[in-house]
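Worksheet: the structure to be examined is printed underneath.
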Amino acid sequence: TMLFTRWLKGFAGRILGNRKRTRTLARGRRGVTRGTSLGAGVFSRTIGTHSEQLEDRALLAVNAVIAGTVLTLTGDAVANVMTISFAAGTYTFATGGDNITVTADDATGGAVAGSGTTTLTVSAETLTTINFNSNDGADTLTLNSRGAGDNVNASGGNQNDVFILGPGQTTFGPTATIDGGANSDTLAVTNGANTFIVTAANAGTLGVTTTFMNMEVLTGGTGSDTVQGTAGVDAFVVTGLNAGSVAGMTFSSIEALNGVAGNDTFTLSAGVPS
């Protein structure tokens, strides 16, 4: 258990309150033979005490292990709320059911301040929510693993952010939300069969559990991936092999298109073989 008051805040039930510090007030005088001898003929005499109220201190029930550039955080069985600010790195969470807010690019003062690559690995916990906030930098977030009940919500900032489902992952969580934010943002998968379901311009769901919005690029992986249209009228444009655009988003490494309902159009760009 470590005291991490600079980085981690808000653990409910872990506040040390009503802390006081008491000091003894003493006066030393030469030639006086009463009190405690300080040597050299000087005696100290207690004349009173002074108490002062100290600020509350958060004692965090989290075990932190740093190995190189990898930070591993392990919480306890109590539901806590943890806030971490960082530039980039690799983070492994064994949270014990805790809720975590991860804020990237804590530095300020530049168009791409704090840009970096972040990898999250969440142990097989339940009722855990991780909120990843990308501030002003161009960040890449990769989710390598998570528990069945875990949600990883992500918010992009003002630059081009990338949100990646790592190998073997099919969703960011049962009710996860990925908001690309401003500029050109990418939602990508690594492998397996995935379906991007378009619901509106620059928005949709990955599978049926991850909702995304403000997204400009959809990228498939090594498996067989599909882009599915809305129930209304969609205009698909095929610009190359397994690539194209729809609803304000470009896509690549997509093996199938599904217009669903509505009078949809599929247009081949110049030079694309039919």
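Convention: chains lettered A, B, ... in structure tokens order; per-chain residue numbering from 1; ligands numbered from 1 as shown.
All residues of protein, DNA or RNA that reach within 7 Å of Ile254 in chain A, judged by only C-alpha atoms and not counting those fewer than 5 positions away in the chain, are Gly220, Asp225, Thr226, Val227, Asn242 and Ala243 of chain A.
The closest residue to Thr175 in chain A, picked from A:Val208, A:Ala200, A:Val162, A:Val189 and counting only C-alpha atoms, is A:Val208.
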When DSSP is applied to the backbone of this structure, which of range 125-274 of chain A are assigned strand (DSSP E)? Write them out as a ChimeraX atom specification. /A:129-134,139-145,151-155,162-165,177-179,186-189,195-200,203-206,210-213,217-219,226-228,235-240,243-246,249-252,256-258,265-268
Using only C-alpha atoms, which residues sit within 8 Å of Thr222 in chain A once same-chain residues fewer than 2 positions away are excluded, as a list of chain:residue names? A:Thr190, A:Asn191, A:Gly192, A:Gly220, A:Ser224, A:Ser253
Export of the given selection (all heavy atoms) as a PDB file, in the first residue's frame:
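Output contents, as saved in again-v2.pdb:
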ATOM      1  N   THR A 190      -7.954  -5.493 -34.343  1.00  0.00           N
ATOM      2  CA  THR A 190      -6.712  -6.201 -34.673  1.00  0.00           C
ATOM      3  C   THR A 190      -6.974  -7.510 -35.402  1.00  0.00           C
ATOM      4  O   THR A 190      -6.355  -7.807 -36.424  1.00  0.00           O
ATOM      5  CB  THR A 190      -5.898  -6.466 -33.399  1.00  0.00           C
ATOM      6  OG1 THR A 190      -5.619  -5.219 -32.756  1.00  0.00           O
ATOM      7  CG2 THR A 190      -4.585  -7.158 -33.734  1.00  0.00           C
ATOM      8  N   ASN A 191      -7.863  -8.329 -34.876  1.00  0.00           N
ATOM      9  CA  ASN A 191      -8.158  -9.614 -35.527  1.00  0.00           C
ATOM     10  C   ASN A 191      -9.579 -10.033 -35.169  1.00  0.00           C
ATOM     11  O   ASN A 191     -10.314  -9.309 -34.510  1.00  0.00           O
ATOM     12  CB  ASN A 191      -7.133 -10.682 -35.137  1.00  0.00           C
ATOM     13  CG  ASN A 191      -7.050 -10.884 -33.629  1.00  0.00           C
ATOM     14  OD1 ASN A 191      -7.908 -10.449 -32.872  1.00  0.00           O
ATOM     15  ND2 ASN A 191      -6.001 -11.559 -33.180  1.00  0.00           N
ATOM     16  N   GLY A 192      -9.961 -11.210 -35.641  1.00  0.00           N
ATOM     17  CA  GLY A 192     -11.317 -11.692 -35.413  1.00  0.00           C
ATOM     18  C   GLY A 192     -12.297 -11.098 -36.411  1.00  0.00           C
ATOM     19  O   GLY A 192     -11.935 -10.279 -37.261  1.00  0.00           O
ATOM     20  N   GLY A 220     -10.276  -2.208 -40.211  1.00  0.00           N
ATOM     21  CA  GLY A 220     -10.422  -3.615 -39.871  1.00  0.00           C
ATOM     22  C   GLY A 220      -9.087  -4.251 -39.554  1.00  0.00           C
ATOM     23  O   GLY A 220      -8.024  -3.618 -39.650  1.00  0.00           O
ATOM     24  N   SER A 224     -12.198 -11.228 -40.922  1.00  0.00           N
ATOM     25  CA  SER A 224     -13.212 -10.800 -41.878  1.00  0.00           C
ATOM     26  C   SER A 224     -14.102  -9.761 -41.214  1.00  0.00           C
ATOM     27  O   SER A 224     -14.915 -10.094 -40.339  1.00  0.00           O
ATOM     28  CB  SER A 224     -14.047 -11.994 -42.344  1.00  0.00           C
ATOM     29  OG  SER A 224     -15.033 -11.588 -43.265  1.00  0.00           O
ATOM     30  N   SER A 253      -9.334  -2.245 -44.901  1.00  0.00           N
ATOM     31  CA  SER A 253      -9.258  -3.633 -44.411  1.00  0.00           C
ATOM     32  C   SER A 253     -10.639  -4.163 -44.041  1.00  0.00           C
ATOM     33  O   SER A 253     -10.808  -4.888 -43.058  1.00  0.00           O
ATOM     34  CB  SER A 253      -8.311  -3.726 -43.204  1.00  0.00           C
ATOM     35  OG  SER A 253      -7.007  -3.363 -43.560  1.00  0.00           O
TER      36      SER A 253
END
Please provide the set of residues having any atom within 8 Å of range 201-206 of chain A, restricted to only C-alpha atoms, with same-chain residues fewer than 5 positions apart removed, written as number ranges by chain. A: 171, 194-196, 211-216, 247-249
Export of prior selection with all heavy atoms as a compact mmCIF listing (two decimals), in the first residue's frame:
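Saved file out_8.txt follows:
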# COMPACT_ATOMS: atom_id res chain seq x y z
N THR A 171 -14.67 -5.97 -28.07
CA THR A 171 -15.42 -4.82 -27.59
C THR A 171 -14.63 -4.12 -26.51
O THR A 171 -13.76 -4.73 -25.86
CB THR A 171 -16.80 -5.24 -27.05
OG1 THR A 171 -17.50 -4.09 -26.59
CG2 THR A 171 -16.66 -6.24 -25.92
N ASN A 194 -15.28 -8.67 -36.99
CA ASN A 194 -15.86 -7.51 -36.34
C ASN A 194 -16.83 -6.80 -37.28
O ASN A 194 -16.63 -6.79 -38.50
CB ASN A 194 -14.77 -6.54 -35.91
CG ASN A 194 -13.75 -7.17 -34.98
OD1 ASN A 194 -13.96 -7.27 -33.78
ND2 ASN A 194 -12.64 -7.64 -35.55
N THR A 195 -17.86 -6.18 -36.70
CA THR A 195 -18.83 -5.43 -37.49
C THR A 195 -18.94 -4.00 -36.97
O THR A 195 -19.24 -3.79 -35.79
CB THR A 195 -20.21 -6.09 -37.45
OG1 THR A 195 -20.13 -7.42 -37.97
CG2 THR A 195 -21.21 -5.29 -38.29
N PHE A 196 -18.66 -3.03 -37.85
CA PHE A 196 -18.89 -1.63 -37.55
C PHE A 196 -20.30 -1.29 -38.05
O PHE A 196 -20.56 -1.36 -39.26
CB PHE A 196 -17.87 -0.74 -38.25
CG PHE A 196 -16.44 -0.99 -37.85
CD1 PHE A 196 -15.65 -1.89 -38.54
CD2 PHE A 196 -15.88 -0.31 -36.78
CE1 PHE A 196 -14.33 -2.12 -38.20
CE2 PHE A 196 -14.56 -0.52 -36.42
CZ PHE A 196 -13.78 -1.43 -37.12
N THR A 211 -20.30 1.89 -28.30
CA THR A 211 -20.83 3.01 -29.07
C THR A 211 -19.70 3.97 -29.39
O THR A 211 -18.89 4.30 -28.53
CB THR A 211 -21.91 3.75 -28.25
OG1 THR A 211 -22.98 2.84 -27.96
CG2 THR A 211 -22.46 4.94 -29.04
N PHE A 212 -19.63 4.41 -30.67
CA PHE A 212 -18.59 5.39 -31.02
C PHE A 212 -19.22 6.59 -31.72
O PHE A 212 -20.30 6.51 -32.31
CB PHE A 212 -17.50 4.76 -31.90
CG PHE A 212 -17.95 4.26 -33.24
CD1 PHE A 212 -18.03 5.11 -34.34
CD2 PHE A 212 -18.28 2.92 -33.42
CE1 PHE A 212 -18.43 4.65 -35.58
CE2 PHE A 212 -18.68 2.44 -34.67
CZ PHE A 212 -18.75 3.31 -35.75
N MET A 213 -18.54 7.72 -31.63
CA MET A 213 -19.01 8.98 -32.22
C MET A 213 -17.80 9.84 -32.55
O MET A 213 -16.68 9.59 -32.08
CB MET A 213 -19.94 9.70 -31.25
CG MET A 213 -19.28 10.11 -29.94
SD MET A 213 -20.46 10.46 -28.61
CE MET A 213 -21.08 8.81 -28.27
N ASN A 214 -18.02 10.86 -33.38
CA ASN A 214 -16.94 11.75 -33.80
C ASN A 214 -15.73 10.97 -34.33
O ASN A 214 -14.59 11.29 -34.04
CB ASN A 214 -16.51 12.66 -32.64
CG ASN A 214 -17.61 13.60 -32.22
OD1 ASN A 214 -18.29 14.21 -33.05
ND2 ASN A 214 -17.82 13.73 -30.92
N MET A 215 -16.03 9.95 -35.13
CA MET A 215 -14.98 9.10 -35.68
C MET A 215 -14.91 9.31 -37.18
O MET A 215 -15.92 9.40 -37.87
CB MET A 215 -15.28 7.63 -35.36
CG MET A 215 -14.06 6.76 -35.27
SD MET A 215 -12.96 7.20 -33.90
CE MET A 215 -14.00 6.91 -32.48
N GLU A 216 -13.68 9.40 -37.70
CA GLU A 216 -13.49 9.67 -39.13
C GLU A 216 -12.92 8.48 -39.90
O GLU A 216 -13.06 8.41 -41.12
CB GLU A 216 -12.55 10.87 -39.31
CG GLU A 216 -13.19 12.22 -38.98
CD GLU A 216 -13.39 12.42 -37.49
OE1 GLU A 216 -12.56 11.90 -36.70
OE2 GLU A 216 -14.37 13.10 -37.12
N ALA A 247 -21.01 7.68 -44.67
CA ALA A 247 -21.45 8.49 -43.53
C ALA A 247 -20.33 9.35 -42.94
O ALA A 247 -20.20 9.48 -41.72
CB ALA A 247 -22.04 7.58 -42.44
N GLY A 248 -19.51 9.91 -43.80
CA GLY A 248 -18.45 10.79 -43.34
C GLY A 248 -17.22 10.08 -42.82
O GLY A 248 -16.29 10.72 -42.31
N MET A 249 -17.18 8.76 -42.93
CA MET A 249 -16.04 7.97 -42.44
C MET A 249 -15.41 7.20 -43.59
O MET A 249 -16.11 6.66 -44.46
CB MET A 249 -16.49 6.99 -41.36
CG MET A 249 -17.01 7.66 -40.09
SD MET A 249 -17.68 6.49 -38.89
CE MET A 249 -19.27 6.07 -39.66
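Residue nearest Gly259 in chain A within the list A:Gly207, A:Gly156, A:Pro174, A:Gly232: A:Gly232 [criterion: smallest interatomic distance, only C-alpha atoms].
Shortest atom-to-atom contact with Gly244 in chain A among A:Ala256, A:Ala154, A:Leu187, A:Leu143: A:Ala256, counting only C-alpha atoms.
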Val152 in chain A environment, 7 Å, only C-alpha atoms, sequence neighbours closer than 4 positions dropped, as JSON, numbers by chain: {"A": [129, 130, 131, 172, 173, 176]}
Between CA of Asn258 in chain A and CA of Ala193 in chain A, measure the distance and give it in Å to one decimal. 14.3 Å
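Among the candidates A:Thr210, A:Ser155, A:Thr219, A:Thr230, the one nearest to Asp264 in chain A when counting only C-alpha atoms is A:Thr230.
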